file final_3.txt (compact mmCIF, C-alpha atoms)
# COMPACT_ATOMS: atom_id res chain seq x y z
CA MET A 1 4.81 -9.90 9.00
CA THR A 2 1.19 -8.97 8.33
CA TYR A 3 -0.80 -9.89 5.22
CA GLN A 4 -0.74 -6.26 4.04
CA GLU A 5 3.04 -6.03 4.39
CA LYS A 6 3.54 -9.25 2.44
CA GLN A 7 1.14 -7.99 -0.22
CA SER A 8 3.10 -4.73 -0.55
CA ILE A 9 6.36 -6.65 -1.03
CA VAL A 10 4.68 -8.83 -3.67
CA ASN A 11 3.44 -5.66 -5.40
CA ILE A 12 6.97 -4.19 -5.50
CA VAL A 13 8.53 -7.41 -6.80
CA SER A 14 5.81 -7.93 -9.40
CA ALA A 15 6.08 -4.32 -10.62
CA LEU A 16 9.84 -4.71 -11.08
CA LEU A 17 9.47 -8.15 -12.65
CA ILE A 18 6.66 -7.33 -15.09
CA THR A 19 8.21 -4.03 -16.20
CA SER A 20 11.71 -5.45 -16.66
CA ILE A 21 10.53 -8.54 -18.58
CA TYR A 22 8.16 -6.53 -20.81
CA GLY A 23 10.81 -3.83 -21.28
CA SER A 24 13.45 -6.35 -22.32
CA ILE A 25 11.04 -8.00 -24.82
CA VAL A 26 10.23 -4.60 -26.36
CA TYR A 27 13.93 -3.67 -26.46
CA GLN A 28 14.81 -6.98 -28.17
CA LYS A 29 12.21 -6.28 -30.86
CA HIS A 30 13.61 -2.78 -31.29
CA VAL A 31 17.16 -4.14 -31.65
CA LEU A 32 15.99 -6.78 -34.15
CA GLY A 33 14.46 -3.99 -36.24
CA GLN A 34 10.79 -5.01 -35.92
CA PHE A 35 10.03 -1.37 -35.09
CA ASP A 36 12.01 1.81 -34.53
CA LEU A 37 11.19 3.26 -31.13
CA THR A 38 13.27 6.38 -31.71
CA THR A 39 10.87 7.75 -34.33
CA ASP A 40 7.72 5.60 -34.37
CA PHE A 41 5.50 7.14 -31.66
CA LYS A 42 2.39 5.26 -32.76
CA THR A 43 4.15 2.04 -31.74
CA TRP A 44 4.85 3.57 -28.33
CA GLY A 45 1.10 4.05 -27.90
CA VAL A 46 0.44 0.40 -28.81
CA ILE A 47 3.27 -0.76 -26.51
CA PHE A 48 1.79 1.21 -23.58
CA LEU A 49 -1.73 -0.12 -24.19
CA ILE A 50 -0.49 -3.71 -24.37
CA PHE A 51 1.61 -3.10 -21.24
CA ILE A 52 -1.48 -2.01 -19.29
CA GLY A 53 -3.32 -5.20 -20.30
CA VAL A 54 -0.31 -7.45 -19.60
CA SER A 55 0.28 -5.75 -16.27
CA ILE A 56 -3.33 -6.21 -15.10
CA VAL A 57 -3.51 -9.89 -16.11
CA SER A 58 -0.06 -10.66 -14.63
CA ARG A 59 -0.95 -8.97 -11.34
CA ILE A 60 -4.18 -10.93 -11.05
CA ILE A 61 -2.27 -14.19 -11.59
CA ILE A 62 0.51 -13.16 -9.16
CA TYR A 63 -2.09 -12.12 -6.56
CA ILE A 64 -3.89 -15.48 -6.83
CA ILE A 65 -0.57 -17.37 -6.48
CA PHE A 66 0.40 -15.18 -3.52
CA HIS A 67 -2.92 -15.80 -1.80
CA ILE A 68 -2.65 -19.58 -2.28
CA LEU A 69 0.97 -19.68 -1.03
CA ASN A 70 0.10 -17.44 1.93
CA ALA A 71 -2.88 -19.64 2.81
CA ILE A 72 -0.64 -22.74 2.71
CA ALA A 73 2.11 -21.09 4.78
CA THR A 74 -0.14 -19.54 7.44
CA ARG A 75 -2.97 -22.12 7.24
CA ASP A 76 -5.39 -19.21 7.17
CA GLU A 77 -7.54 -18.88 4.06
CA LYS A 78 -9.25 -15.65 5.09
CA VAL A 79 -8.15 -12.38 3.52
CA PRO A 80 -7.97 -9.82 6.35
CA ILE A 81 -10.73 -7.24 6.31
CA GLU A 82 -9.79 -3.72 5.23
CA ASP A 83 -10.69 -1.45 8.13
CA GLU A 84 -10.49 2.32 8.60
CA ARG A 85 -6.76 2.23 9.44
CA ASP A 86 -5.97 0.28 6.26
CA LYS A 87 -8.00 2.78 4.22
CA LEU A 88 -6.12 5.71 5.79
CA ILE A 89 -2.79 3.98 5.12
CA ASN A 90 -3.79 3.32 1.49
CA LEU A 91 -4.84 6.95 1.11
CA LYS A 92 -1.54 8.31 2.47
CA SER A 93 0.51 5.81 0.45
CA THR A 94 -1.33 6.77 -2.74
CA ARG A 95 -0.69 10.45 -1.94
CA ASN A 96 3.05 9.74 -1.61
CA SER A 97 2.96 7.82 -4.88
CA PHE A 98 1.25 10.71 -6.70
CA HIS A 99 3.76 13.19 -5.26
CA ALA A 100 6.65 11.01 -6.48
CA PHE A 101 5.13 10.64 -9.96
CA SER A 102 4.41 14.38 -10.15
CA VAL A 103 8.04 15.20 -9.34
CA GLY A 104 9.14 12.65 -11.96
CA PHE A 105 6.74 14.15 -14.50
CA MET A 106 8.18 17.63 -13.90
CA LEU A 107 11.70 16.21 -14.22
CA LEU A 108 10.74 14.80 -17.62
CA PHE A 109 10.08 18.29 -18.94
CA VAL A 110 13.30 19.57 -17.41
CA MET A 111 15.15 16.75 -19.19
CA LEU A 112 13.33 17.55 -22.43
CA ALA A 113 14.35 21.19 -22.05
CA PHE A 114 17.95 20.04 -21.72
CA GLY A 115 17.79 18.14 -25.00
CA MET A 116 16.56 14.64 -24.12
CA PRO A 117 15.09 12.93 -27.23
CA ILE A 118 11.30 12.45 -27.31
CA TYR A 119 11.50 8.66 -26.96
CA GLY A 120 13.32 9.20 -23.65
CA LEU A 121 10.07 10.72 -22.37
CA PHE A 122 8.31 7.36 -22.69
CA ILE A 123 11.17 5.40 -21.15
CA PHE A 124 11.45 7.70 -18.15
CA MET A 125 7.66 7.77 -17.75
CA VAL A 126 7.76 4.00 -17.22
CA ILE A 127 10.73 4.34 -14.84
CA PHE A 128 8.99 7.02 -12.77
CA GLY A 129 5.82 4.90 -12.79
CA VAL A 130 7.74 1.98 -11.26
CA ILE A 131 9.48 4.28 -8.76
CA SER A 132 6.14 5.75 -7.66
CA GLU A 133 4.74 2.24 -7.22
CA ILE A 134 7.74 1.27 -5.09
CA ILE A 135 7.23 4.43 -3.00
CA GLU A 136 3.52 3.65 -2.61
CA ASN A 137 4.11 0.12 -1.35
CA SER A 138 7.11 1.09 0.79
CA SER A 139 4.97 3.81 2.38
CA ARG A 140 2.31 1.21 3.07
CA ILE A 141 4.82 -1.03 4.85
CA TYR A 142 6.20 1.98 6.77
CA TYR A 143 2.76 3.16 7.94
CA HIS A 144 1.75 -0.36 8.94
CA ARG A 145 4.88 -0.75 11.06
CA LYS A 146 5.38 2.74 12.47
CA GLY A 147 1.79 3.92 12.72
CA VAL A 148 -0.25 6.49 10.92
CA MET B 1 5.97 8.57 13.55
CA SER B 2 5.39 10.68 16.67
CA LYS B 3 3.01 9.40 19.34
CA ASN B 4 -0.23 11.27 19.66
CA ASN B 5 -1.55 12.70 22.90
CA ILE B 6 -4.65 10.52 23.05
CA GLN B 7 -4.21 7.98 25.83
CA ASN B 8 -6.26 4.81 26.17
CA ASN B 9 -7.08 2.14 28.73
CA ILE B 10 -7.95 -0.63 26.30
CA ARG B 11 -5.38 -3.04 27.67
CA LYS B 12 -6.70 -2.63 31.24
CA LEU B 13 -10.31 -2.88 30.05
CA ARG B 14 -9.51 -6.06 28.13
CA PHE B 15 -7.89 -7.55 31.20
CA ASN B 16 -10.96 -6.70 33.29
CA ALA B 17 -13.24 -8.20 30.65
CA ASN B 18 -12.17 -11.78 31.38
CA GLU B 19 -8.79 -11.21 29.72
CA MET B 20 -10.36 -10.58 26.35
CA THR B 21 -7.84 -11.07 23.53
CA GLN B 22 -6.99 -8.39 20.97
CA GLN B 23 -8.44 -10.63 18.27
CA GLN B 24 -11.76 -10.98 20.15
CA LEU B 25 -12.04 -7.22 20.57
CA ALA B 26 -11.07 -6.67 16.94
CA ASP B 27 -13.74 -9.11 15.74
CA ASP B 28 -16.40 -7.54 17.97
CA VAL B 29 -15.76 -3.98 16.81
CA GLY B 30 -15.12 -4.94 13.17
CA VAL B 31 -11.45 -4.08 12.65
CA SER B 32 -8.23 -6.07 12.26
CA ARG B 33 -6.11 -7.14 15.23
CA GLN B 34 -3.30 -4.91 13.91
CA THR B 35 -5.56 -1.89 14.33
CA ILE B 36 -6.26 -2.77 17.97
CA VAL B 37 -2.51 -3.25 18.53
CA ALA B 38 -1.81 0.16 16.93
CA ILE B 39 -4.49 1.86 19.07
CA GLU B 40 -3.17 0.28 22.27
CA LYS B 41 0.38 1.38 21.47
CA GLY B 42 -0.82 4.90 20.67
CA ASN B 43 0.29 4.63 17.06
CA TYR B 44 -3.19 5.23 15.68
CA SER B 45 -6.08 7.43 16.79
CA PRO B 46 -9.34 5.68 15.92
CA SER B 47 -12.30 7.41 14.32
CA LEU B 48 -15.05 8.65 16.63
CA GLU B 49 -17.28 5.80 15.44
CA LEU B 50 -14.69 3.12 16.27
CA ALA B 51 -13.95 4.78 19.62
CA PHE B 52 -17.66 4.58 20.49
CA ARG B 53 -17.86 0.97 19.33
CA ILE B 54 -14.95 0.06 21.63
CA ALA B 55 -16.57 1.89 24.56
CA ILE B 56 -19.90 0.15 23.93
CA GLU B 57 -18.09 -3.20 23.75
CA PHE B 58 -16.70 -2.64 27.27
CA LYS B 59 -20.00 -1.06 28.44
CA VAL B 60 -18.23 2.04 29.74
CA PRO B 61 -18.40 5.74 28.80
CA LEU B 62 -16.05 6.91 26.05
CA GLU B 63 -13.90 8.95 28.46
CA GLU B 64 -13.10 5.79 30.42
CA VAL B 65 -11.52 4.30 27.31
CA PHE B 66 -9.86 7.36 25.81
CA SER B 67 -8.51 10.52 27.35
CA TYR B 68 -6.83 13.55 25.85
CA GLU B 69 -3.68 14.94 27.44
CA VAL B 70 -2.42 18.36 26.53
CA LEU B 71 1.34 17.91 26.18
call {"tool": "encode", "arguments": {"input": "final_3.txt", "output": "structure tokens"}}
result
Amino acid sequence: MTYQEKQSIVNIVSALLITSIYGSIVYQKHVLGQFDLTTDFKTWGVIFLIFIGVSIVSRIIIYIIFHILNAIATRDEKVPIEDERDKLINLKSTRNSFHAFSVGFMLLFVMLAFGMPIYGLFIFMVIFGVISEIIENSSRIYYHRKGV
Amino acid sequence: MSKNNIQNNIRKLRFNANEMTQQQLADDVGVSRQTIVAIEKGNYSPSLELAFRIAIEFKVPLEEVFSYEVL
């Protein structure tokens, strides 16, 4: 398995891990009555902003740990250079991710039209965000293995 | 992913160049070994610049490295 493939798997796992842990913490607070997510949309804004910060910091830490573990396992400290093929793969994977998120975004409005409460919009936005990230990294693995 | 119709002789050229390894070629032309593997297998068509760099590395004209077959 190449470095890029391992990195994509780490990205998928970390996206699922960070989102589920953060989501469960927020849900616990909602259940305990610290805030009401069904009506308080200002809190949703704060939650999203904090999530972006937490996500960035967590990913940096996970990436450093991954690089150290990979260097120990392979005895190769060098990070592979990103060449033109990697850039093309990244470009196509990002395109797939955007397509997936766009479809999800359209679905949100369909669900709203069918009576989904407003807070559901935020929940499904996070879900579609995670799905698009999974699609992006899965595409990356696919293109690395099958060719681009 | 369907194979493209650009054929290459990189494997033969590497063999003739003192059995140059994929890693050596990759280092010389500035790409990863995986990219050389993908080009050799026909899973990736390199950019014109990379194609020229590979040809220059083997000191042969571009058409001796790559050829186009109308399928």
call {"tool": "closest_atom_pairs", "arguments": {"input": "final_3.txt", "of": "chain B", "to": "region 2-17 of chain A", "cutoff": "12 Å", "atoms": "all atoms listed in the file", "output": "Markdown table"}}
result
| residue | atom | partner | partner_atom | distance |
| --- | --- | --- | --- | --- |
| B:Ser32 | CA | A:Thr2 | CA | 10.6 |
| B:Arg33 | CA | A:Thr2 | CA | 10.2 |
| B:Gln34 | CA | A:Thr2 | CA | 8.2 |
| B:Thr35 | CA | A:Thr2 | CA | 11.5 |
call {"tool": "atom_distance", "arguments": {"input": "final_3.txt", "atom1": "CA of His144 (chain A)", "atom2": "CA of Tyr63 (chain A)"}}
result
19.8 Å
call {"tool": "interface_residues", "arguments": {"input": "final_3.txt", "of": "chain A", "to": "chain B", "cutoff": "10 Å", "atoms": "all atoms listed in the file", "output": "PyMOL selection string"}}
result
chain A and resi 2+80-86+142-148
call {"tool": "atom_distance", "arguments": {"input": "final_3.txt", "atom1": "CA of Ile64 (chain A)", "atom2": "CA of Ile52 (chain A)"}}
result
18.5 Å
call {"tool": "atom_distance", "arguments": {"input": "final_3.txt", "atom1": "CA of Met106 (chain A)", "atom2": "CA of Lys87 (chain A)"}}
result
28.5 Å
call {"tool": "residues_around", "arguments": {"input": "final_3.txt", "residues": "Lys92 (chain A)", "least_positions_apart": "2", "cutoff": "10 Å", "atoms": "only C-alpha atoms", "output": "PyMOL selection string"}}
result
chain A and resi 86-90+94-98+136+139-140+143+148
call {"tool": "residues_near_point", "arguments": {"input": "final_3.txt", "point": "(-10.1, 10.6, 19.6)", "cutoff": "9 Å", "atoms": "all atoms listed in the file", "output": "PyMOL selection string"}}
result
chain B and resi 6-7+45-48+51+66-68
